[in-house]
$ cat protein-v2.csv   # CSV, C-alpha atoms
chain,number,residue,atom,x,y,z
W,1,MET,CA,121.8,75.0,85.4
W,2,GLY,CA,122.5,78.8,85.3
W,3,THR,CA,119.6,79.3,82.8
W,4,ILE,CA,117.2,77.4,85.1
W,5,TRP,CA,118.1,79.6,88.1
W,6,LEU,CA,117.7,82.8,86.1
W,7,LEU,CA,114.3,81.6,84.8
W,8,LEU,CA,113.2,80.8,88.4
W,9,ALA,CA,114.3,84.2,89.6
W,10,VAL,CA,112.4,86.0,86.8
W,11,LEU,CA,109.2,84.0,87.6
W,12,ASN,CA,109.5,84.7,91.3
W,13,ALA,CA,110.0,88.4,90.6
W,14,SER,CA,107.0,88.5,88.3
W,15,ALA,CA,104.7,86.1,90.1
W,16,TRP,CA,102.8,88.8,91.8
W,17,PHE,CA,101.5,89.9,88.4
W,18,PHE,CA,99.8,86.5,87.7
W,19,PRO,CA,96.0,86.4,87.6
W,20,ALA,CA,94.3,86.1,91.0
W,21,PRO,CA,90.7,85.3,92.0
W,22,ILE,CA,90.3,88.8,93.4
W,23,ASP,CA,90.8,90.4,90.0
W,24,LYS,CA,87.7,91.7,88.3
W,25,LEU,CA,86.2,94.3,85.9
W,26,GLY,CA,89.2,93.8,83.5
W,27,TRP,CA,91.6,95.5,86.0
W,28,VAL,CA,94.5,94.1,88.0
W,29,LEU,CA,95.7,95.9,91.1
W,30,ARG,CA,98.9,94.8,92.9
W,31,VAL,CA,100.8,96.1,95.9
W,32,ARG,CA,104.3,95.0,96.8
W,33,PRO,CA,106.7,96.2,99.6
W,34,LEU,CA,110.0,97.4,98.1
W,35,ASP,CA,112.1,96.7,101.2
W,36,ILE,CA,114.0,93.5,101.6
W,37,HIS,CA,112.4,92.2,104.8
W,38,ARG,CA,108.9,91.3,105.8
W,39,ASP,CA,109.3,90.9,109.6
W,40,TYR,CA,109.3,94.0,111.7
W,41,LEU,CA,109.6,94.9,115.4
W,42,ALA,CA,106.6,96.3,117.3
W,43,GLN,CA,106.4,100.1,116.9
W,44,GLU,CA,109.1,100.0,114.2
W,45,ASP,CA,109.3,103.2,112.1
W,46,MET,CA,107.6,102.1,108.9
W,47,SER,CA,107.9,105.5,107.2
W,48,LEU,CA,111.3,104.5,105.9
W,49,TYR,CA,109.9,101.8,103.7
W,50,SER,CA,108.1,102.0,100.4
W,51,LEU,CA,105.4,100.2,98.4
W,52,ALA,CA,105.0,99.7,94.7
W,53,VAL,CA,101.4,100.0,93.5
W,54,VAL,CA,100.7,98.6,90.0
W,55,LEU,CA,97.5,98.9,87.9
W,56,ILE,CA,97.2,96.7,84.8
W,57,ASN,CA,94.6,96.9,82.1
W,58,ARG,CA,93.5,93.3,81.2
W,59,SER,CA,90.3,94.4,79.4
W,60,SER,CA,89.9,94.2,75.7
W,61,GLU,CA,90.3,97.9,75.1
W,62,ALA,CA,92.1,101.1,76.1
W,63,ARG,CA,90.8,102.6,79.4
W,64,GLN,CA,91.1,105.7,81.4
W,65,HIS,CA,91.9,105.9,85.1
W,66,ILE,CA,92.8,108.4,87.7
W,67,PRO,CA,96.7,108.6,88.0
W,68,LEU,CA,97.7,106.6,91.0
W,69,LYS,CA,99.4,109.4,92.9
W,70,LEU,CA,96.3,111.6,92.4
W,71,ALA,CA,94.1,108.7,93.4
W,72,ARG,CA,95.8,108.5,96.7
W,73,ASN,CA,95.2,112.2,97.4
W,74,THR,CA,91.5,112.0,96.5
W,75,GLY,CA,91.0,108.8,98.5
W,76,ASP,CA,90.2,106.7,95.5
W,77,LEU,CA,93.3,104.6,96.2
W,78,ARG,CA,93.2,103.2,99.8
W,79,GLY,CA,95.4,101.0,101.8
W,80,ALA,CA,94.6,99.6,105.3
W,81,PHE,CA,96.3,97.3,107.7
W,82,VAL,CA,94.1,94.6,109.2
W,83,GLY,CA,95.2,92.5,112.2
W,84,SER,CA,94.8,88.7,112.6
W,85,ASP,CA,91.6,89.4,114.6
W,86,GLY,CA,90.0,91.2,111.7
W,87,THR,CA,90.4,94.7,113.3
W,88,THR,CA,91.4,97.4,110.9
W,89,LEU,CA,94.2,99.6,112.3
W,90,ARG,CA,93.3,103.3,112.4
W,91,SER,CA,94.9,105.3,109.6
W,92,HIS,CA,96.2,108.8,110.4
W,93,LEU,CA,94.5,109.8,107.1
W,94,GLU,CA,91.1,108.4,108.1
W,95,GLY,CA,88.4,110.6,106.8
W,96,ILE,CA,90.8,112.7,104.8
W,97,GLY,CA,90.2,113.0,101.0
W,98,GLY,CA,91.1,115.6,98.5
W,99,LYS,CA,88.8,117.2,96.0
W,100,GLN,CA,87.8,115.0,93.1
W,101,SER,CA,89.7,115.6,89.9
W,102,GLU,CA,88.8,115.3,86.2
W,103,GLU,CA,92.4,114.3,85.3
W,104,ARG,CA,92.7,110.9,83.7
W,105,SER,CA,95.4,108.8,82.2
W,106,GLN,CA,95.0,106.5,79.2
W,107,LEU,CA,96.1,102.9,79.6
W,108,ALA,CA,96.2,100.6,76.6
W,109,PHE,CA,95.2,97.0,76.8
W,110,GLY,CA,97.9,94.9,78.4
W,111,ARG,CA,99.8,97.9,79.7
W,112,PHE,CA,100.4,99.0,83.3
W,113,SER,CA,100.8,102.1,85.3
W,114,SER,CA,102.8,102.1,88.6
W,115,SER,CA,103.8,104.5,91.4
W,116,THR,CA,105.8,104.2,94.5
W,117,PHE,CA,104.4,105.2,97.9
W,118,ALA,CA,105.6,105.4,101.4
W,119,PHE,CA,103.6,103.6,104.1
W,120,GLN,CA,102.9,107.0,105.6
W,121,ASP,CA,101.1,107.9,102.4
W,122,PHE,CA,98.4,105.6,103.6
W,123,GLY,CA,98.5,107.0,107.1
W,124,TYR,CA,100.6,104.3,108.8
W,125,PHE,CA,103.9,105.0,110.6
W,126,GLN,CA,104.1,102.0,112.9
W,127,LEU,CA,102.5,98.6,113.6
W,128,PRO,CA,101.7,98.6,117.3
W,129,GLU,CA,101.6,95.0,118.5
W,130,THR,CA,103.2,91.7,117.7
W,131,GLY,CA,101.2,89.3,115.4
W,132,GLU,CA,100.2,88.9,111.8
W,133,TYR,CA,98.9,91.7,109.6
W,134,GLU,CA,97.6,92.1,106.1
W,135,LEU,CA,97.8,95.2,104.0
W,136,ARG,CA,94.6,95.5,101.9
W,137,ALA,CA,94.5,98.0,99.0
W,138,SER,CA,91.6,99.1,96.8
W,139,LEU,CA,91.1,101.5,93.9
W,140,LYS,CA,87.9,103.2,92.8
W,141,THR,CA,87.6,103.1,89.0
W,142,VAL,CA,84.8,104.1,86.6
W,143,GLU,CA,83.9,100.4,86.3
W,144,GLY,CA,83.8,99.9,90.1
W,145,VAL,CA,86.0,99.3,93.1
W,146,ILE,CA,88.8,96.8,92.6
W,147,SER,CA,91.1,95.2,95.2
W,148,ALA,CA,94.6,93.9,95.4
W,149,PRO,CA,95.5,90.5,96.9
W,150,ALA,CA,96.4,91.1,100.6
W,151,VAL,CA,100.1,91.5,101.5
W,152,LYS,CA,101.1,89.8,104.7
W,153,PHE,CA,103.4,91.2,107.4
W,154,LYS,CA,104.6,89.8,110.6
W,155,VAL,CA,105.5,91.9,113.7
W,156,ILE,CA,107.7,90.2,116.3
W,157,GLU,CA,109.3,90.8,119.6
W,158,PRO,CA,113.0,89.7,119.7
W,159,THR,CA,113.8,87.0,122.2
W,160,ALA,CA,116.7,87.3,124.6
W,161,ASP,CA,118.8,85.1,122.3
W,162,ASP,CA,118.0,87.3,119.3
W,163,ILE,CA,119.4,90.4,121.1
W,164,LEU,CA,123.1,89.9,120.5
W,165,ALA,CA,124.2,93.1,122.2
W,166,SER,CA,122.5,96.0,124.0
W,167,GLN,CA,123.8,99.3,125.1
W,168,ALA,CA,121.6,101.5,127.3
W,169,VAL,CA,121.5,105.2,126.4
W,170,PRO,CA,121.4,107.6,129.4
W,171,LEU,CA,118.7,110.2,129.8
W,172,GLU,CA,119.6,113.9,130.0
W,173,GLY,CA,117.9,117.2,130.4
W,174,GLN,CA,114.9,118.0,132.5
W,175,PHE,CA,113.4,114.5,132.2
W,176,SER,CA,116.5,113.0,133.9
W,177,LYS,CA,115.3,114.8,137.1
W,178,TRP,CA,112.0,112.9,137.1
W,179,PRO,CA,111.5,109.9,139.4
W,180,LYS,CA,112.9,106.7,137.9
W,181,GLU,CA,109.4,105.2,137.5
W,182,LYS,CA,108.4,108.2,135.3
W,183,GLN,CA,111.5,108.1,133.0
W,184,GLU,CA,111.5,106.6,129.6
W,185,ARG,CA,114.5,104.5,128.6
W,186,ALA,CA,116.4,103.9,125.3
W,187,VAL,CA,118.8,101.3,124.0
W,188,VAL,CA,120.9,100.6,120.9
W,189,GLN,CA,120.8,96.9,120.1
W,190,GLN,CA,122.2,94.4,117.7
W,191,ILE,CA,119.2,92.2,116.9
W,192,ARG,CA,119.0,89.0,114.8
W,193,ILE,CA,115.8,88.7,112.7
W,194,GLY,CA,115.8,85.5,110.7
W,195,ASN,CA,119.2,85.1,109.2
W,196,LYS,CA,120.2,88.8,109.3
W,197,VAL,CA,121.5,91.0,112.0
W,198,TRP,CA,120.3,94.7,112.3
W,199,LEU,CA,121.4,97.7,114.4
W,200,PHE,CA,118.3,99.1,116.1
W,201,TYR,CA,117.5,102.2,118.2
W,202,ARG,CA,114.6,101.5,120.5
W,203,LYS,CA,112.7,103.5,123.1
W,204,PHE,CA,110.5,102.3,125.9
W,205,LEU,CA,107.7,103.9,128.0
W,206,SER,CA,108.3,104.5,131.7
W,207,SER,CA,107.7,101.7,134.1
W,208,GLU,CA,104.8,103.7,135.4
W,209,LEU,CA,103.2,103.4,132.0
W,210,GLY,CA,103.9,99.8,131.5
W,211,GLY,CA,107.5,99.9,130.0
W,212,LYS,CA,106.4,98.7,126.6
W,213,VAL,CA,108.3,99.6,123.5
W,214,GLU,CA,107.1,102.9,121.9
W,215,PHE,CA,109.5,103.4,119.1
W,216,ALA,CA,112.1,101.3,117.1
W,217,ILE,CA,114.1,102.2,114.0
W,218,ARG,CA,116.6,100.2,111.9
W,219,ILE,CA,119.9,102.0,111.6
W,220,ALA,CA,121.9,99.5,109.5
W,221,GLU,CA,122.3,95.9,108.5
W,222,LEU,CA,125.3,94.2,110.2
W,223,PRO,CA,127.5,91.4,108.9
W,224,GLY,CA,126.8,89.5,112.2
W,225,LYS,CA,127.5,90.4,115.8
W,226,VAL,CA,130.0,93.3,115.7
W,227,VAL,CA,132.8,94.0,118.2
W,228,ASP,CA,133.9,97.1,120.2
W,229,PHE,CA,130.3,98.2,120.2
W,230,LYS,CA,130.0,101.6,121.8
W,231,VAL,CA,127.3,104.3,122.1
W,232,ASP,CA,128.2,107.9,123.1
W,233,GLY,CA,125.6,110.5,123.9
W,234,ALA,CA,122.3,110.7,125.7
W,235,PHE,CA,118.6,111.2,124.8
W,236,GLY,CA,116.0,113.6,126.1
W,237,ASP,CA,117.5,116.9,125.0
W,238,HIS,CA,117.5,116.6,121.1
W,239,ASN,CA,121.2,115.8,120.9
W,240,PRO,CA,123.0,113.2,118.7
W,241,LEU,CA,124.1,109.7,119.5
W,242,THR,CA,127.4,108.4,118.1
W,243,ILE,CA,127.5,104.6,117.6
W,244,THR,CA,130.8,102.9,116.7
W,245,TYR,CA,131.9,99.3,116.2
W,246,ARG,CA,134.3,97.1,114.2
W,247,GLU,CA,132.7,94.6,111.9
W,248,THR,CA,135.1,91.8,112.9
W,249,ILE,CA,138.0,91.3,115.3
W,250,TYR,CA,140.3,91.2,112.2
W,251,THR,CA,139.7,94.7,111.0
W,252,LYS,CA,141.1,97.9,112.4
W,253,TRP,CA,138.4,100.0,110.6
W,254,THR,CA,135.7,101.5,112.7
W,255,THR,CA,132.2,102.1,111.4
W,256,THR,CA,130.4,105.1,112.8
W,257,HIS,CA,126.7,106.1,112.8
W,258,VAL,CA,125.6,109.5,114.1
W,259,ILE,CA,121.9,109.6,114.7
W,260,ASN,CA,119.3,112.0,116.1
W,261,SER,CA,118.4,110.8,119.6
W,262,VAL,CA,114.8,111.8,119.1
W,263,ASP,CA,113.9,109.8,115.9
W,264,GLY,CA,117.0,107.7,115.2
W,265,ARG,CA,117.5,109.2,111.7
W,266,PRO,CA,121.0,110.2,110.5
W,267,TRP,CA,122.2,113.4,112.2
W,268,THR,CA,122.3,116.2,109.6
W,269,ALA,CA,124.6,119.1,109.0
W,270,ALA,CA,121.7,121.5,109.7
W,271,GLU,CA,121.0,119.8,113.0
W,272,GLU,CA,124.6,120.0,114.0
W,273,LYS,CA,124.7,123.7,113.1
W,274,HIS,CA,121.7,124.4,115.2
W,275,ARG,CA,123.2,122.4,118.1
W,276,GLN,CA,126.5,124.5,117.9
W,277,GLU,CA,124.5,127.7,117.9
W,278,LYS,CA,122.5,126.6,120.9
W,279,LEU,CA,125.7,125.7,122.8
W,280,LYS,CA,127.2,129.2,122.0
W,281,ARG,CA,124.0,130.9,123.3
W,282,GLU,CA,124.1,128.8,126.5
W,283,ALA,CA,127.7,129.6,127.0
W,284,LYS,CA,126.9,133.3,127.2
W,285,LEU,CA,124.2,132.9,129.8
W,286,PRO,CA,124.9,133.7,133.5
W,287,ALA,CA,125.7,130.6,135.5
W,288,GLU,CA,122.4,130.8,137.5
W,289,LYS,CA,120.3,130.6,134.2
W,290,LYS,CA,122.0,127.6,132.8

$ encode --input "protein-v2.csv" --output "structure tokens"
Amino acid sequence: MGTIWLLLAVLNASAWFFPAPIDKLGWVLRVRPLDIHRDYLAQEDMSLYSLAVVLINRSSEARQHIPLKLARNTGDLRGAFVGSDGTTLRSHLEGIGGKQSEERSQLAFGRFSSSTFAFQDFGYFQLPETGEYELRASLKTVEGVISAPAVKFKVIEPTADDILASQAVPLEGQFSKWPKEKQERAVVQQIRIGNKVWLFYRKFLSSELGGKVEFAIRIAELPGKVVDFKVDGAFGDHNPLTITYRETIYTKWTTTHVINSVDGRPWTAAEEKHRQEKLKREAKLPAEKK
């Protein structure tokens, strides 16, 4: 039985290499997300995730091709997100292409070349609305333009039942003095997506601008709903947030995440040094200038 399960796992992992109707000109192009999930929240930070791009030579002879990394820079390798209505999302790299290069790599028959890219390498940082999307990739070769089978993505909005816990983050700095209807808001939430639970940091537009989510980032995977969930800090003045919790009621160990309140990324030593220097400068200012 163990051998059967191992064989199934190998077949599943390699199935994306199998021939597809879209393959032509003796080339096979494949794109595959390297993260472990395929459902995302609206406006989730996609720059954290990576894609594998694979080019296989299935012709009867050795061939030359532009190295994949270079092909991305020259615009010969393209990737575009298309919504369920057929609309192509605008890439931040739209219209940008580097100078054509004469550099070529040799690829023997039956061999492959692969490279890893971030979503932002194709000009995408977020998927804006809920719904179904396809990532469509193409590569310009000497023989012609080839395409990869589309990769499907789903963008969701968590239901009230999916949000297991939510902690509002107060606003600080000059923006906290604005009228409430002009203020953005931020929350740290435990959200269930499928059979997993994730810790998210999300920001929302002001009620005056509609109140829709404008940013979301996955901080960590959780074992389930965690306890003693607490968020210290505020957003609006480039300071850190400290998130603490215990994974279960049976453990005394506390898990801590310190993140940048601007982008939700882990707070770095350099950022903390800059913050401490700022605090020292402010402490020396006369009271009326603070």

$ atom_distance --input "protein-v2.csv" --atom1 "atom CA of His274 of chain W" --atom2 "atom CA of Pro240 of chain W"
11.8 Å

$ closest_residue --input "protein-v2.csv" --among "W:Leu107, W:Ala234, W:Leu279, W:Ile243" --to "Gly173 of chain W" --atoms "only C-alpha atoms"
W:Ala234

$ closest_atom_pairs --input "protein-v2.csv" --of "segment 38-145 of chain W" --to "segment 149-155 of chain W" --cutoff "12 Å" --atoms "all atoms listed in the file" --output "CSV"
residue,atom,partner,partner_atom,distance
W:Arg38,CA,W:Phe153,CA,5.7
W:Asp39,CA,W:Lys154,CA,4.9
W:Tyr40,CA,W:Val155,CA,4.8
W:Leu41,CA,W:Val155,CA,5.4
W:Ala42,CA,W:Val155,CA,5.8
W:Gln43,CA,W:Val155,CA,8.8
W:Glu44,CA,W:Val155,CA,8.9
W:Met46,CA,W:Val155,CA,11.5
W:Leu51,CA,W:Val151,CA,10.6
W:Ala52,CA,W:Val151,CA,11.7
W:Val53,CA,W:Pro149,CA,11.7
W:Val54,CA,W:Pro149,CA,11.8
W:Gly79,CA,W:Ala150,CA,10.0
W:Ala80,CA,W:Ala150,CA,9.9
W:Phe81,CA,W:Val151,CA,9.3
W:Val82,CA,W:Ala150,CA,9.6
W:Gly83,CA,W:Phe153,CA,9.6
W:Ser84,CA,W:Lys154,CA,10.1
W:Gln126,CA,W:Val155,CA,10.2
W:Leu127,CA,W:Val155,CA,7.3
W:Pro128,CA,W:Val155,CA,8.5
W:Glu129,CA,W:Val155,CA,6.9
W:Thr130,CA,W:Val155,CA,4.6
W:Gly131,CA,W:Val155,CA,5.3
W:Glu132,CA,W:Lys154,CA,4.6
W:Tyr133,CA,W:Phe153,CA,5.0
W:Glu134,CA,W:Lys152,CA,4.4
W:Leu135,CA,W:Val151,CA,5.0
W:Arg136,CA,W:Ala150,CA,4.9
W:Ala137,CA,W:Ala150,CA,7.3
W:Ser138,CA,W:Pro149,CA,9.4

$ write_last_selection --input "protein-v2.csv" --atoms "C-alpha atoms" --output "PDB file, in the coordinates of the input"
ATOM      1  CA  ARG W  38     108.900  91.300 105.800  1.00  0.00           C
ATOM      2  CA  ASP W  39     109.300  90.900 109.600  1.00  0.00           C
ATOM      3  CA  TYR W  40     109.300  94.000 111.700  1.00  0.00           C
ATOM      4  CA  LEU W  41     109.600  94.900 115.400  1.00  0.00           C
ATOM      5  CA  ALA W  42     106.600  96.300 117.300  1.00  0.00           C
ATOM      6  CA  GLN W  43     106.400 100.100 116.900  1.00  0.00           C
ATOM      7  CA  GLU W  44     109.100 100.000 114.200  1.00  0.00           C
ATOM      8  CA  MET W  46     107.600 102.100 108.900  1.00  0.00           C
ATOM      9  CA  LEU W  51     105.400 100.200  98.400  1.00  0.00           C
ATOM     10  CA  ALA W  52     105.000  99.700  94.700  1.00  0.00           C
ATOM     11  CA  VAL W  53     101.400 100.000  93.500  1.00  0.00           C
ATOM     12  CA  VAL W  54     100.700  98.600  90.000  1.00  0.00           C
ATOM     13  CA  GLY W  79      95.400 101.000 101.800  1.00  0.00           C
ATOM     14  CA  ALA W  80      94.600  99.600 105.300  1.00  0.00           C
ATOM     15  CA  PHE W  81      96.300  97.300 107.700  1.00  0.00           C
ATOM     16  CA  VAL W  82      94.100  94.600 109.200  1.00  0.00           C
ATOM     17  CA  GLY W  83      95.200  92.500 112.200  1.00  0.00           C
ATOM     18  CA  SER W  84      94.800  88.700 112.600  1.00  0.00           C
ATOM     19  CA  GLN W 126     104.100 102.000 112.900  1.00  0.00           C
ATOM     20  CA  LEU W 127     102.500  98.600 113.600  1.00  0.00           C
ATOM     21  CA  PRO W 128     101.700  98.600 117.300  1.00  0.00           C
ATOM     22  CA  GLU W 129     101.600  95.000 118.500  1.00  0.00           C
ATOM     23  CA  THR W 130     103.200  91.700 117.700  1.00  0.00           C
ATOM     24  CA  GLY W 131     101.200  89.300 115.400  1.00  0.00           C
ATOM     25  CA  GLU W 132     100.200  88.900 111.800  1.00  0.00           C
ATOM     26  CA  TYR W 133      98.900  91.700 109.600  1.00  0.00           C
ATOM     27  CA  GLU W 134      97.600  92.100 106.100  1.00  0.00           C
ATOM     28  CA  LEU W 135      97.800  95.200 104.000  1.00  0.00           C
ATOM     29  CA  ARG W 136      94.600  95.500 101.900  1.00  0.00           C
ATOM     30  CA  ALA W 137      94.500  98.000  99.000  1.00  0.00           C
ATOM     31  CA  SER W 138      91.600  99.100  96.800  1.00  0.00           C
TER      32      SER W 138
END

$ atom_distance --input "protein-v2.csv" --atom1 "atom CA of Ile163 of chain W" --atom2 "atom CA of Thr251 of chain W"
23.1 Å

$ residues_around --input "protein-v2.csv" --residues "segment 200-212 of chain W" --least-positions-apart "5" --cutoff "6 Å" --atoms "only C-alpha atoms" --output "ChimeraX atom specification"
/W:181-189,217-219

$ atom_distance --input "protein-v2.csv" --atom1 "atom CA of Val262 of chain W" --atom2 "atom CA of Glu277 of chain W"
18.7 Å

$ residues_around --input "protein-v2.csv" --residues "Ser147 of chain W" --least-positions-apart "4" --cutoff "10 Å" --atoms "only C-alpha atoms" --output "number ranges by chain"
W: 22-24, 27-31, 77-79, 136-140

$ closest_residue --input "protein-v2.csv" --among "W:Gly236, W:Gly264, W:Gly144, W:Pro286" --to "Leu199 of chain W" --atoms "all atoms listed in the file"
W:Gly264

$ residues_around --input "protein-v2.csv" --residues "Val197 of chain W" --least-positions-apart "2" --cutoff "12 Å" --atoms "all atoms listed in the file" --output "ChimeraX atom specification"
/W:37,158,162-165,189-195,199-200,218-226,247

$ closest_residue --input "protein-v2.csv" --among "W:Ser176, W:Ser166, W:Thr141, W:Ser47" --to "Phe122 of chain W" --atoms "only C-alpha atoms"
W:Ser47

$ closest_residue --input "protein-v2.csv" --among "W:His238, W:Thr256, W:Leu285, W:Ile56" --to "Glu272 of chain W" --atoms "only C-alpha atoms"
W:His238
